[in-house]
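**Q** Take this structure first; my questions come after.
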Amino acid sequence: MNDIPNALYVVATPIGNLGDITQRALETLRGADLIACEDTRHAHTLLDHHGIRAQTVPLHEHNEAAASVRVVEALRAGRKVALISDAGTPGISDPGARACAAVRAAGFRVVPLPGPSAAITALSAAGLPDARFLFAGFLPPKPTARRHEIEALKGIPAALVFYEAPHRVEEAVADLVAVLEPERTLVVARELTKLFEQIAVMPLAEGPAWLAADENRKRGEFVLVVSAPPPSVGLSAESERVLKALLAELPLKQAAKLAAEITGSAKNALYERALQLKDG
């Protein structure tokens, strides 16, 4: 284990294939006196596979505050503590952020050990040309909130990366199609690093039909990647005139939305032009 006393080691663990773990991570887990786990039963599948016999304690979304206190107490007692989630990197759509904050607030170091992340794994195989991406995590489960969230992300000039559960993936993809531009590309990555891994790339509009074509395509844990917005096209003189008139009377966002309804021009293009006019 790294020779840093009284530190919390944040250890990334495999997202599926048990072989996807670094030598440093194994050494750290073997040297730990206490391992805080999202689910101790799940953790022991990995720990037993590698012959690791450290004491484990649950640290999940429902007990993170209390469990963080126990972690800090263990550090004060001079014990070596590691933190893992069920899969991937703790704190990334998984418990761990509050524990790291509590440890740091108590005056102890937090040492990250890099490793597997489903979002990065999916992006690495997506083949998208976008230079930037935004990790958005899980979308809201309720339809109205989910569409509002997608709408809020629509104008961001970057690929969008989502996690999704199998029982909601069809609804999520349908809402992505309903809100985002049809020119975008969709990457559906499921069961990454596992036996039935599948990575499919298609026009966004084809997503619902692709999922519906085979029940097996709706099984497993999903990463959805949507390419960045298409380049804005030039506005017509009429669209420019309407936008300027509305900007004189209305807030920027409302003016762009209303101009899109009146002229039929893309709302994103109008919004970007409105920003330019305001800045100018």
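Residues are referred to by chain and number: the chain letter is A, B, ... according to the order shown in the structure tokens, the number counts from 1 in that chain, and ligands are numbered separately from 1 in the order shown.
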At most 8 Å is the cut-off: for each residue in stretch 32-139 of chain A with any atom that close to an atom of stretch 157-167 of chain A, write down the nearest atom pair and the distance in Å rounded to one decimal, counting only C-alpha atoms, chain first then increasing number, as a Markdown table.

**A**
| residue | atom | partner | partner_atom | distance |
| --- | --- | --- | --- | --- |
| A:Ala119 | CA | A:Val161 | CA | 6.8 |
| A:Asp130 | CA | A:Ala159 | CA | 6.3 |
| A:Ala131 | CA | A:Ala158 | CA | 7.3 |
| A:Arg132 | CA | A:Ala158 | CA | 4.9 |
| A:Phe133 | CA | A:Ala159 | CA | 4.4 |
| A:Leu134 | CA | A:Leu160 | CA | 5.0 |
| A:Phe135 | CA | A:Val161 | CA | 4.8 |
| A:Ala136 | CA | A:Phe162 | CA | 5.4 |
| A:Gly137 | CA | A:Phe162 | CA | 4.8 |
| A:Phe138 | CA | A:Tyr163 | CA | 4.9 |
| A:Leu139 | CA | A:Phe162 | CA | 7.1 |

**Q** Go ahead and write the selection's residues with N, CA and C atoms as a PDB file, in the first residue's frame.

**A**
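And here's result_29.pdb as it stands now:
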ATOM      1  N   ALA A 119     -18.234   5.610 -18.241  1.00  0.00           N
ATOM      2  CA  ALA A 119     -18.372   6.742 -19.166  1.00  0.00           C
ATOM      3  C   ALA A 119     -17.167   6.838 -20.093  1.00  0.00           C
ATOM      4  N   ASP A 130     -16.097  14.589 -31.582  1.00  0.00           N
ATOM      5  CA  ASP A 130     -16.260  15.735 -30.686  1.00  0.00           C
ATOM      6  C   ASP A 130     -15.061  15.871 -29.748  1.00  0.00           C
ATOM      7  N   ALA A 131     -14.550  17.080 -29.649  1.00  0.00           N
ATOM      8  CA  ALA A 131     -13.378  17.328 -28.812  1.00  0.00           C
ATOM      9  C   ALA A 131     -13.728  17.410 -27.335  1.00  0.00           C
ATOM     10  N   ARG A 132     -15.002  17.671 -27.022  1.00  0.00           N
ATOM     11  CA  ARG A 132     -15.422  17.823 -25.631  1.00  0.00           C
ATOM     12  C   ARG A 132     -16.608  16.914 -25.340  1.00  0.00           C
ATOM     13  N   PHE A 133     -16.779  16.590 -24.064  1.00  0.00           N
ATOM     14  CA  PHE A 133     -17.963  15.837 -23.659  1.00  0.00           C
ATOM     15  C   PHE A 133     -18.431  16.330 -22.307  1.00  0.00           C
ATOM     16  N   LEU A 134     -19.715  16.115 -22.038  1.00  0.00           N
ATOM     17  CA  LEU A 134     -20.304  16.434 -20.741  1.00  0.00           C
ATOM     18  C   LEU A 134     -20.889  15.163 -20.162  1.00  0.00           C
ATOM     19  N   PHE A 135     -20.421  14.779 -18.975  1.00  0.00           N
ATOM     20  CA  PHE A 135     -20.988  13.624 -18.295  1.00  0.00           C
ATOM     21  C   PHE A 135     -22.193  14.090 -17.499  1.00  0.00           C
ATOM     22  N   ALA A 136     -23.381  13.617 -17.876  1.00  0.00           N
ATOM     23  CA  ALA A 136     -24.621  14.054 -17.243  1.00  0.00           C
ATOM     24  C   ALA A 136     -25.177  13.035 -16.263  1.00  0.00           C
ATOM     25  N   GLY A 137     -24.551  11.871 -16.140  1.00  0.00           N
ATOM     26  CA  GLY A 137     -25.028  10.869 -15.192  1.00  0.00           C
ATOM     27  C   GLY A 137     -26.393  10.317 -15.576  1.00  0.00           C
ATOM     28  N   PHE A 138     -27.209  10.018 -14.571  1.00  0.00           N
ATOM     29  CA  PHE A 138     -28.548   9.468 -14.812  1.00  0.00           C
ATOM     30  C   PHE A 138     -29.540  10.596 -15.051  1.00  0.00           C
ATOM     31  N   LEU A 139     -30.388  10.436 -16.048  1.00  0.00           N
ATOM     32  CA  LEU A 139     -31.472  11.378 -16.283  1.00  0.00           C
ATOM     33  C   LEU A 139     -32.573  11.151 -15.246  1.00  0.00           C
TER      34      LEU A 139
END

**Q** Name the residues in contact with A:Ala7 at a cut-off of 10 Å, using only C-alpha atoms, excluding same-chain residues fewer than 2 positions from it; report them as a list in words.

**A**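 Everything that qualifies: Asn2, Asp3, Ile4, Pro5, Tyr9, Val10, Val72, Leu75, Arg76, Gly78, Arg79, Lys80, Val81, Ala82, Val103, Arg104, Gly107, Phe108, Arg109, Val110 and Val111 of chain A.
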
**Q** Of the residues A:Val226, A:Ala25, A:Ala66, A:Leu47, which is the one nearest to A:Pro203, using only C-alpha atoms?

**A**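 Among the listed residues, A:Val226 lies closest to A:Pro203.
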
**Q** A:Leu8, A:Ile150, A:Cys100, A:Ala87: which is nearest A:Pro116, counting only C-alpha atoms?

**A** A:Ala87

**Q** Which neighbours of stretch 53-56 of chain A fall inside 7 Å, counting only C-alpha atoms, when residues of the same chain fewer than 2 positions from it are skipped, and could you give them as a list of chain:residue names?

**A**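 The neighbour list is A:Arg30, A:Ala32, A:Asp33, A:Leu34, A:Ile35, A:Ala36, A:Cys37, A:Thr40, A:Gly51, A:Pro58.
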
**Q** Store the residues of this selection in a file with C-alpha atoms, as a PDB file, in the first residue's frame.

**A**
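The resulting file, part07.pdb, is shown below:
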ATOM      1  CA  ARG A  30      -4.602  -5.892   0.386  1.00  0.00           C
ATOM      2  CA  ALA A  32      -6.142  -1.804   3.974  1.00  0.00           C
ATOM      3  CA  ASP A  33      -7.384  -2.313   7.519  1.00  0.00           C
ATOM      4  CA  LEU A  34     -10.871  -1.221   6.495  1.00  0.00           C
ATOM      5  CA  ILE A  35     -12.608  -1.105   3.099  1.00  0.00           C
ATOM      6  CA  ALA A  36     -15.734   1.049   2.788  1.00  0.00           C
ATOM      7  CA  CYS A  37     -17.991  -0.530   0.154  1.00  0.00           C
ATOM      8  CA  THR A  40     -20.309  -5.416   1.085  1.00  0.00           C
ATOM      9  CA  GLY A  51      -7.786 -13.299  -1.993  1.00  0.00           C
ATOM     10  CA  PRO A  58     -21.089  -0.436   4.054  1.00  0.00           C
TER      11      PRO A  58
END

**Q** Could you check the closest approach to A:Arg184 for each of A:Leu252, A:Leu26, A:Ala228, A:Leu247 and tell me which residue wins, using only C-alpha atoms?

**A** A:Ala228

**Q** Pick out the closest residue to A:Leu59 from this set: A:Arg98, A:Lys154, A:His44, A:Lys194. Count only C-alpha atoms.

**A**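 Once distances to A:Leu59 are computed over only C-alpha atoms, the minimum belongs to A:Arg98.
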
**Q** Would you please give, as a list of chain:residue names, all residues of stretch 99-165 of chain A that DSSP assigns to strand (DSSP E or B) based on the backbone?

**A**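 Across stretch 99-165 of chain A, those assigned strand (DSSP E or B) are A:Arg109, A:Val110, A:Val111, A:Pro112, A:Leu113, A:Phe133, A:Leu134, A:Phe135, A:Ala136, A:Gly137, A:Phe138, A:Ala159, A:Leu160, A:Val161, A:Phe162, A:Tyr163, A:Glu164.
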
**Q** Next, write the just-selected residues to a file, as a PDB file, in the first residue's frame, keeping C-alpha atoms as the atom set.

**A**
ATOM      1  CA  ARG A 109      -5.626  13.293   2.727  1.00  0.00           C
ATOM      2  CA  VAL A 110      -7.725  11.750  -0.021  1.00  0.00           C
ATOM      3  CA  VAL A 111      -5.624   9.707  -2.460  1.00  0.00           C
ATOM      4  CA  PRO A 112      -7.289   8.727  -5.764  1.00  0.00           C
ATOM      5  CA  LEU A 113      -6.277   5.543  -7.588  1.00  0.00           C
ATOM      6  CA  PHE A 133     -17.963  15.837 -23.659  1.00  0.00           C
ATOM      7  CA  LEU A 134     -20.304  16.434 -20.741  1.00  0.00           C
ATOM      8  CA  PHE A 135     -20.988  13.624 -18.295  1.00  0.00           C
ATOM      9  CA  ALA A 136     -24.621  14.054 -17.243  1.00  0.00           C
ATOM     10  CA  GLY A 137     -25.028  10.869 -15.192  1.00  0.00           C
ATOM     11  CA  PHE A 138     -28.548   9.468 -14.812  1.00  0.00           C
ATOM     12  CA  ALA A 159     -21.058  15.156 -26.681  1.00  0.00           C
ATOM     13  CA  LEU A 160     -23.485  14.153 -23.926  1.00  0.00           C
ATOM     14  CA  VAL A 161     -22.861  11.034 -21.836  1.00  0.00           C
ATOM     15  CA  PHE A 162     -25.629   9.426 -19.775  1.00  0.00           C
ATOM     16  CA  TYR A 163     -25.983   6.344 -17.595  1.00  0.00           C
ATOM     17  CA  GLU A 164     -29.293   4.513 -17.806  1.00  0.00           C
TER      18      GLU A 164
END

**Q** Skip A:Asp39 itself and residues of its chain fewer than 4 positions away, then list as a PyMOL selection string all residues within 12 Å of it, counting only C-alpha atoms.

**A** chain A and resi 35+43-46+56-64+83-87+94-95

**Q** Which of these, A:Glu261, A:Glu240, A:Glu191, A:Glu38, has the shortest distance to A:Asn216 once you count only C-alpha atoms?

**A**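 Ranking A:Glu261, A:Glu240, A:Glu191, A:Glu38 by distance to A:Asn216, first place goes to A:Glu191.
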
**Q** Which is closest to A:His148 among A:Pro129, A:Thr263, A:Leu176, A:Thr185, if we use only C-alpha atoms?

**A**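 Once distances to A:His148 are computed over only C-alpha atoms, the minimum belongs to A:Leu176.
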
**Q** Using only C-alpha atoms, which protein or nucleic acid residues come within 12 Å of A:Ala178? Drop anything in the same chain fewer than 4 positions from it, and give the result as an NGL selection string.

**A** :A and (143 or 146-148 or 150-151 or 154 or 171-174 or 182 or 204-208)
